[in-house]
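Source file: target_19.cif (mmCIF, C-alpha atoms)
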```
data_upload
loop_
_atom_site.label_atom_id
_atom_site.label_comp_id
_atom_site.auth_asym_id
_atom_site.auth_seq_id
_atom_site.Cartn_x
_atom_site.Cartn_y
_atom_site.Cartn_z
CA MET A 148 0.00 0.00 0.00
CA ASN A 149 1.41 3.39 -0.87
CA ASP A 150 1.62 6.48 1.33
CA LYS A 151 -1.20 8.26 -0.51
CA LYS A 152 -3.67 5.44 0.23
CA ILE A 153 -2.58 5.27 3.86
CA ASP A 154 -3.06 9.04 4.26
CA GLN A 155 -6.48 8.76 2.64
CA MET A 156 -7.49 5.94 4.99
CA LEU A 157 -6.31 7.90 8.04
CA LYS A 158 -8.30 10.94 6.91
CA THR A 159 -11.41 8.79 6.47
CA LEU A 160 -10.96 7.24 9.93
CA LYS A 161 -10.57 10.70 11.51
CA ASP A 162 -13.76 11.85 9.78
CA ILE A 163 -15.63 8.80 11.07
CA ASP A 164 -14.28 9.39 14.58
CA GLY A 165 -15.43 13.01 14.52
CA LYS A 166 -18.91 12.03 13.35
CA LEU A 167 -19.21 9.34 16.02
CA SER A 168 -18.21 11.86 18.69
CA ILE A 169 -20.97 14.19 17.51
CA LEU A 170 -23.53 11.35 17.58
CA ILE A 171 -22.51 10.35 21.10
CA SER A 172 -22.83 13.95 22.30
CA LEU A 173 -26.27 14.26 20.73
CA GLN A 174 -27.41 10.99 22.26
CA LYS A 175 -26.36 12.16 25.72
CA THR A 176 -28.19 15.49 25.40
CA LEU A 177 -31.36 13.93 23.96
CA SER A 178 -31.71 11.06 26.39
CA LYS A 179 -33.96 11.56 29.38
CA PRO A 180 -32.19 11.74 32.72
CA PRO A 181 -32.81 8.59 34.76
CA LYS A 182 -35.35 8.74 37.56
CA LEU A 183 -33.80 8.83 41.01
CA GLY A 184 -35.24 7.95 44.38
CA SER A 185 -34.71 10.14 47.42
CA GLU A 186 -31.86 7.99 48.74
CA GLU A 187 -30.14 8.05 45.34
CA LYS A 188 -30.49 11.84 45.19
CA ALA A 189 -29.04 12.26 48.68
CA ILE A 190 -26.05 10.04 47.92
CA LEU A 191 -25.54 11.59 44.47
CA LYS A 192 -25.06 14.99 46.14
CA LEU A 193 -22.14 13.48 48.06
CA CYS A 194 -20.44 12.18 44.90
CA ASN A 195 -18.21 15.23 44.57
CA GLY A 196 -14.81 13.58 44.33
CA LYS A 197 -14.17 14.00 48.05
CA ASN A 198 -16.25 11.31 49.75
CA SER A 199 -15.49 7.61 50.13
CA ILE A 200 -18.07 4.97 51.04
CA THR A 201 -17.17 5.37 54.72
CA GLU A 202 -17.72 9.12 54.63
CA ILE A 203 -20.99 8.76 52.74
CA MET A 204 -22.11 6.26 55.40
CA GLU A 205 -21.25 8.68 58.20
CA ILE A 206 -23.01 11.64 56.54
CA THR A 207 -26.18 9.73 55.60
CA SER A 208 -26.28 7.40 58.63
CA LYS A 209 -26.85 4.49 56.23
CA LYS A 210 -25.36 1.01 56.50
CA ARG A 211 -22.49 0.04 54.22
CA ASN A 212 -24.52 -2.41 52.13
CA ASN A 213 -27.20 0.26 51.49
CA VAL A 214 -24.60 2.82 50.37
CA GLU A 215 -22.80 0.27 48.19
CA SER A 216 -26.08 -0.79 46.61
CA THR A 217 -27.11 2.80 45.88
CA LEU A 218 -23.70 3.64 44.43
CA SER A 219 -23.96 0.55 42.25
CA HIS A 220 -27.37 1.67 40.93
CA LEU A 221 -26.03 5.16 40.19
CA ARG A 222 -23.04 3.63 38.39
CA LYS A 223 -25.31 1.38 36.28
CA LYS A 224 -27.40 4.42 35.35
CA GLY A 225 -24.21 6.11 34.11
CA ILE A 226 -24.42 8.99 36.58
CA ILE A 227 -21.29 8.41 38.66
CA LYS A 228 -17.93 6.73 38.50
CA SER A 229 -15.32 5.85 41.08
CA ALA A 230 -11.91 7.46 41.10
CA ILE A 231 -8.75 7.09 43.13
CA MET A 232 -7.75 10.29 44.93
CA ASN A 233 -4.93 10.31 47.48
CA ARG A 234 -5.00 6.49 47.59
CA ARG A 235 -8.73 6.49 48.43
CA THR A 236 -11.67 5.44 46.29
CA VAL A 237 -14.07 8.37 45.96
CA TYR A 238 -17.12 8.93 43.79
CA VAL A 239 -17.74 11.64 41.19
CA LYS A 240 -20.64 12.66 38.97
CA ILE A 241 -20.08 12.09 35.28
#
```
Take the structure in this file and express it as structure tokens.
Amino acid sequence: MNDKKIDQMLKTLKDIDGKLSILISLQKTLSKPPKLGSEEKAILKLCNGKNSITEIMEITSKKRNNVESTLSHLRKKGIIKSAIMNRRTVYVKI
């Protein structure tokens, strides 16, 4: 394959990548936000990149399994993700 064909293929792939990025952005803005219960809303407010499970438990007075379950639901809904900050696992909104 010559350099001209390779350059043409790379240009086409970059165009496709750009169009996919636009489609993903549109999908995110057009999709309805997931419904949240009161416990999910309360815990979501604490997902600010500073709080670990232990701190969320202390603030909400909820048991560990309840907090873990709620965080798992929020993660499945694509609302939060976990991150490592200062060697601790904390939670942040996406």
Here atom CA of Leu157 of chain A and atom CA of Lys175 of chain A stand apart by 27.1 Å
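Minimum distance to Ser208 of chain A across A:Ile226, A:Lys152, A:Glu186, A:Leu221 (counting all atoms listed in the file) occurs at A:Glu186.
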Taking 6 positions as the minimum chain separation for residues in the same chain, which residues sit within 12 Å of Ile231 of chain A when counting only C-alpha atoms? Answer as a list in words. Gly196, Lys197, Asn198, Ser199, Val237, Tyr238 and Val239 of chain A
Give me a file of those residues, with C-alpha atoms, as an mmCIF file, keeping the file's coordinate frame.
```cif
data_model
loop_
_atom_site.group_PDB
_atom_site.id
_atom_site.type_symbol
_atom_site.label_atom_id
_atom_site.label_comp_id
_atom_site.auth_asym_id
_atom_site.auth_seq_id
_atom_site.Cartn_x
_atom_site.Cartn_y
_atom_site.Cartn_z
ATOM 1 C CA GLY A 196 -14.810 13.580 44.330
ATOM 2 C CA LYS A 197 -14.170 14.000 48.050
ATOM 3 C CA ASN A 198 -16.250 11.310 49.750
ATOM 4 C CA SER A 199 -15.490 7.610 50.130
ATOM 5 C CA VAL A 237 -14.070 8.370 45.960
ATOM 6 C CA TYR A 238 -17.120 8.930 43.790
ATOM 7 C CA VAL A 239 -17.740 11.640 41.190
#
```
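For Thr217 of chain A, the set of protein, DNA and RNA residues having any atom at most 10 Å away, when counting all atoms listed in the file and skipping those fewer than 6 positions along the same chain, is Gly184, Glu186, Glu187, Lys188, Ile190, Leu191, Arg211 and Lys223 of chain A.
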The distance between atom CA of Ile206 of chain A and atom CA of Pro181 of chain A is 24.1 Å
note - atom CA of Gln155 of chain A and atom CA of Ser168 of chain A are separated by 20.1 Å
